[in-house]
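K.L.:
Right, I'll just put the structure down here and ask away after.
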Amino acid sequence: MASAPGLTIPPDESRGPTLSIVIWTSTAIATAFVALRIYTRFYITKSQGWDDAVIVLSAILNLIGASLCSASIAHGVGRHIYYISDEDMTKALYYDAIERAPGILAYNVPKLSVVILLVRLMGNARRHAWVLYSVITVLFITSILAISLYLGRCRPIEHLWNPSSSAECLPDRVFDTVSYFCGAWSAFTDVVLAVFPITLFWNLQMKKSRKISLMILMALGSIASVAAILKTTQISTNHAVDEPWDAFWLTILTYVEVDLVIIAACAPTLPKLVGKAFVRKEEVSENSRYRNFTPIFRGYRAFDSQSESTINMHRIEHV
């Protein structure tokens with residue numbers, strides 16, 4: 001690609017290999033967590049549900065997005081634009097365009113899995129479930145709007161991967177405004193899904209250390225909110241002159257957020273697997289921590305026991 005007159009051209013470097021390593025490493029870890037979750041649900045707790053189907057869907061979307069991103073990297077993403085041929089730039093932009101839908105949905109679908117899990121744990125005490133439903137509904141509406149705006153902002157659509165062609169497009173600020181709102185709401189959703197379990201389990205009649213451990217496991221998604229916030233600050237790099245190079249952190253943070261959300265959605269389902277793998281047989285037969293944990297879930301009432309606010313502990317045992 002030709003450079004502008006008087007512009008200092010940077011050396012021919014590429015961040016593509018680094019992008020590939022980070023994306024596929026984090027994707028592999030997240031996929032492993034999904035596999036462990038499914039194994040636990042089907043063979044240990046035997047308590048599979050719709051939240052498992054949703055998390056598998058998110059893993060599939062994540063793999064599709066990572067594969068399309070790799071295709072973009074193969075055609076120049078991560079490299080300075082001045083050294084990318086027009087043909088490669090067109091292909092890179094094409095793969096980037098079709099990656100948007102699975103990429104955006106990949107970090108939303110795991111959050112739906114968390115919502116389903118939390119509602120499931122609430123049993124009949126669902127007075128505040130509307131908070132979860134409202135937050136996740138807004139998230140999906142804004143995400144679908146962002147996907148629609150991106151794919152429909154130019155007519156003909158081919159202009160997305162062939163910018164030199166003539167087309168009628170919406171102003172960039174329209175798509176950017178929606179993108180900023182999506183990023184902010186995504187971070188807000190992570191915080192809500194992290195705080196809600198604390199309010200849900202605060203009055204459980206169980207040992208304090210165990211209660212805290214349970215709440216921490218359910219609140220791991222708050223880490224993803226940090227990635228979501230940082231990612232949102234990088235949205236402006238979509239309009240940089242040297243976009244394939246400058247969008248490095250935006251791409252990294254996008255996939256890190258997705259994988260953190262998937263990991264956070266799977267972590268609360270794994271304690272039984274960890275206990276089965278590491279607790280010694282003699283401890284299990286006598287008075288092991290793992291066995292001591294079990295009776296807690298035989299049934300209980302919160303300290304402010306009211307029939308409508310009783311959480312089904314048997315459900316928590318089989319998370």
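We label chains A, B, ... in the order they appear in the structure tokens, count residues from 1 in each chain, and number ligands from 1 in the order shown.
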Excluding range 39-45 of chain A and its own-chain neighbours fewer than 3 positions away, which residues fall within 7 Å of it when counting only C-alpha atoms? Please give them as a compact mmCIF listing (two decimals) with N, CA, C and O atoms, in the first residue's frame.

P.N.:
```
# COMPACT_ATOMS: atom_id res chain seq x y z
N ALA A 35 -14.64 -27.81 28.49
CA ALA A 35 -14.60 -29.27 28.46
C ALA A 35 -14.67 -29.85 29.87
O ALA A 35 -15.39 -30.83 30.12
N LEU A 36 -13.94 -29.24 30.81
CA LEU A 36 -13.96 -29.71 32.20
C LEU A 36 -15.35 -29.50 32.82
O LEU A 36 -15.83 -30.35 33.59
N GLN A 48 -26.61 -31.61 34.34
CA GLN A 48 -26.53 -30.77 33.16
C GLN A 48 -27.82 -29.98 32.94
O GLN A 48 -28.90 -30.43 33.30
N LEU A 270 -16.70 -26.33 38.88
CA LEU A 270 -15.56 -27.25 38.92
C LEU A 270 -15.11 -27.74 40.29
O LEU A 270 -14.27 -28.65 40.35
N LEU A 273 -15.11 -31.48 40.71
CA LEU A 273 -14.08 -32.15 39.93
C LEU A 273 -12.73 -32.05 40.63
O LEU A 273 -11.97 -33.03 40.70
N HIS A 318 -25.14 -29.21 43.38
CA HIS A 318 -24.98 -29.80 42.05
C HIS A 318 -24.75 -28.77 40.96
O HIS A 318 -25.14 -28.97 39.82
```

K.L.:
Quick one: contact table of range 9-123 of chain A to range 249-258 of chain A, 9 Å max, nearest atom pair and distance in Å to one decimal per residue, counting only C-alpha atoms, chain and number order, as a tab-separated table?

P.N.:
```
residue	atom	partner	partner_atom	distance
A:Leu19	CA	A:Ile252	CA	6.7
A:Val22	CA	A:Ile252	CA	7.2
A:Ile23	CA	A:Tyr255	CA	6.2
A:Ser26	CA	A:Val256	CA	6.6
A:Thr27	CA	A:Tyr255	CA	7.7
A:Ala30	CA	A:Val258	CA	8.7
A:Ser58	CA	A:Val258	CA	8.9
A:Asn62	CA	A:Val258	CA	7.4
A:Gly65	CA	A:Tyr255	CA	8.8
A:Ala66	CA	A:Tyr255	CA	7.9
A:Cys69	CA	A:Thr251	CA	8.8
A:Gly103	CA	A:Thr254	CA	8.2
A:Ile104	CA	A:Thr254	CA	8.8
A:Ala106	CA	A:Val258	CA	6.3
A:Tyr107	CA	A:Val258	CA	4.5
A:Asn108	CA	A:Val258	CA	8.1
A:Pro110	CA	A:Val258	CA	8.3
```

K.L.:
With only C-alpha atoms as the counted atoms, please give the residues lying no more than 12 Å from Leu145 in chain A, apart from itself and same-chain residues fewer than 2 positions off, as a ChimeraX atom specification.

P.N.:
/A:101,104-105,138-143,147-153,174-179,181-182

K.L.:
Where does DSSP see alpha helix (DSSP H) in range 16-214 of chain A, if you list the residues as a ChimeraX atom specification?

P.N.:
/A:16-39,50-74,86-106,109-122,129-152,172-201,208-214

K.L.:
Report, in Å with one decimal, the straight-line distance from CA of Ile81 in chain A to CA of Lys231 in chain A.

P.N.:
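A separation of 21.6 Å between them.
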
K.L.:
What's around Ala129 in chain A at 9 Å? Count only C-alpha atoms, leave out sequence neighbours fewer than 5 positions away in its own chain, and write the answer as a PyMOL selection string.

P.N.:
chain A and resi 115+118-119+122+134

K.L.:
Can I get the selection written as an mmCIF file, in the first residue's frame, with N, CA and C atoms?

P.N.:
```cif
data_model
loop_
_atom_site.group_PDB
_atom_site.id
_atom_site.type_symbol
_atom_site.label_atom_id
_atom_site.label_comp_id
_atom_site.auth_asym_id
_atom_site.auth_seq_id
_atom_site.Cartn_x
_atom_site.Cartn_y
_atom_site.Cartn_z
ATOM 1 N N VAL A 115 -26.363 -16.136 33.883
ATOM 2 C CA VAL A 115 -27.711 -15.738 34.301
ATOM 3 C C VAL A 115 -28.585 -16.974 34.516
ATOM 4 N N LEU A 118 -27.528 -18.689 37.746
ATOM 5 C CA LEU A 118 -27.955 -17.972 38.955
ATOM 6 C C LEU A 118 -29.451 -18.144 39.207
ATOM 7 N N VAL A 119 -30.235 -18.041 38.144
ATOM 8 C CA VAL A 119 -31.686 -18.218 38.288
ATOM 9 C C VAL A 119 -31.990 -19.646 38.731
ATOM 10 N N MET A 122 -31.426 -19.992 42.365
ATOM 11 C CA MET A 122 -32.408 -19.281 43.179
ATOM 12 C C MET A 122 -33.626 -20.142 43.489
ATOM 13 N N SER A 134 -33.205 -8.274 32.877
ATOM 14 C CA SER A 134 -33.166 -6.933 32.280
ATOM 15 C C SER A 134 -31.773 -6.605 31.759
#
```

K.L.:
Calculated over only C-alpha atoms, which of the candidates A:Trp161, A:Phe248, A:Tyr83, A:Trp130 has the smallest distance to Phe196 in chain A?

P.N.:
A:Trp130

K.L.:
Given the choices A:Leu112, A:Leu170, A:Val261, A:Met89, which gets closest to Thr137 in chain A if the distance is worked out from only C-alpha atoms?

P.N.:
A:Leu112

K.L.:
When you look at Pro10 in chain A with a cut-off of 12 Å (counting only C-alpha atoms), what residues show up, excluding the ones that are within fewer than 4 positions of it in the same chain? I need them as a PyMOL selection string.

P.N.:
chain A and resi 3+14+79-83+242+245

K.L.:
Name the residues of range 82-209 of chain A that fall into strand (DSSP E or B) according to DSSP on the backbone, using the chain letters and numbers of this document, as a list in words.

P.N.:
Cys154, Arg155, Glu168 and Cys169 of chain A

K.L.:
Measuring atom to atom with only C-alpha atoms, identify which of A:Leu260, A:Val77, A:Leu121, A:Ala194 is nearest to Asp246 in chain A.

P.N.:
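Counting only C-alpha atoms, the residue closest to Asp246 in chain A is A:Val77.
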
K.L.:
Provide the CA of Ile263 in chain A to CA of Val34 in chain A distance in Å, to one decimal place.

P.N.:
7.6 Å

K.L.:
I'd like to know which of A:Thr189, A:Asp51, A:Ala28, A:Ala184 is closest to Leu63 in chain A, using only C-alpha atoms.

P.N.:
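So, comparing all the options, the nearest one is A:Ala28.
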
K.L.:
So how many Å separate CA of Leu68 in chain A and CA of Ala264 in chain A, to one decimal?

P.N.:
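Separating CA of Leu68 in chain A from CA of Ala264 in chain A is a distance of 24.0 Å.
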
K.L.:
Can you pull out the residues contacting Ile73 in chain A? Cut-off 8 Å, using only C-alpha atoms, and skip same-chain residues under 5 positions away; I want them as a PyMOL selection string.

P.N.:
chain A and resi 16+19-20+78+92

K.L.:
Output all heavy atoms for every residue in that selection, as an mmCIF file, in the first residue's frame.

P.N.:
```
data_model
loop_
_atom_site.group_PDB
_atom_site.id
_atom_site.type_symbol
_atom_site.label_atom_id
_atom_site.label_comp_id
_atom_site.auth_asym_id
_atom_site.auth_seq_id
_atom_site.Cartn_x
_atom_site.Cartn_y
_atom_site.Cartn_z
ATOM 1 N N GLY A 16 1.646 -9.730 14.252
ATOM 2 C CA GLY A 16 0.767 -10.859 13.955
ATOM 3 C C GLY A 16 1.084 -12.116 14.748
ATOM 4 O O GLY A 16 0.164 -12.722 15.335
ATOM 5 N N LEU A 19 -0.092 -11.727 18.266
ATOM 6 C CA LEU A 19 -1.553 -11.816 18.306
ATOM 7 C C LEU A 19 -2.013 -13.269 18.278
ATOM 8 O O LEU A 19 -2.862 -13.679 19.080
ATOM 9 C CB LEU A 19 -2.164 -11.062 17.118
ATOM 10 C CG LEU A 19 -2.295 -9.550 17.208
ATOM 11 C CD1 LEU A 19 -2.764 -8.981 15.871
ATOM 12 C CD2 LEU A 19 -3.272 -9.160 18.313
ATOM 13 N N SER A 20 -1.448 -14.038 17.366
ATOM 14 C CA SER A 20 -1.851 -15.445 17.223
ATOM 15 C C SER A 20 -1.577 -16.233 18.498
ATOM 16 O O SER A 20 -2.424 -17.012 18.958
ATOM 17 C CB SER A 20 -1.113 -16.088 16.041
ATOM 18 O OG SER A 20 -1.512 -15.497 14.826
ATOM 19 N N GLY A 78 -1.808 -6.827 12.171
ATOM 20 C CA GLY A 78 -0.666 -6.853 13.066
ATOM 21 C C GLY A 78 0.590 -6.272 12.425
ATOM 22 O O GLY A 78 1.582 -6.011 13.102
ATOM 23 N N ALA A 92 -7.944 -9.269 4.430
ATOM 24 C CA ALA A 92 -7.906 -9.066 5.877
ATOM 25 C C ALA A 92 -9.181 -8.376 6.365
ATOM 26 O O ALA A 92 -9.770 -8.770 7.385
ATOM 27 C CB ALA A 92 -6.677 -8.238 6.256
#
```
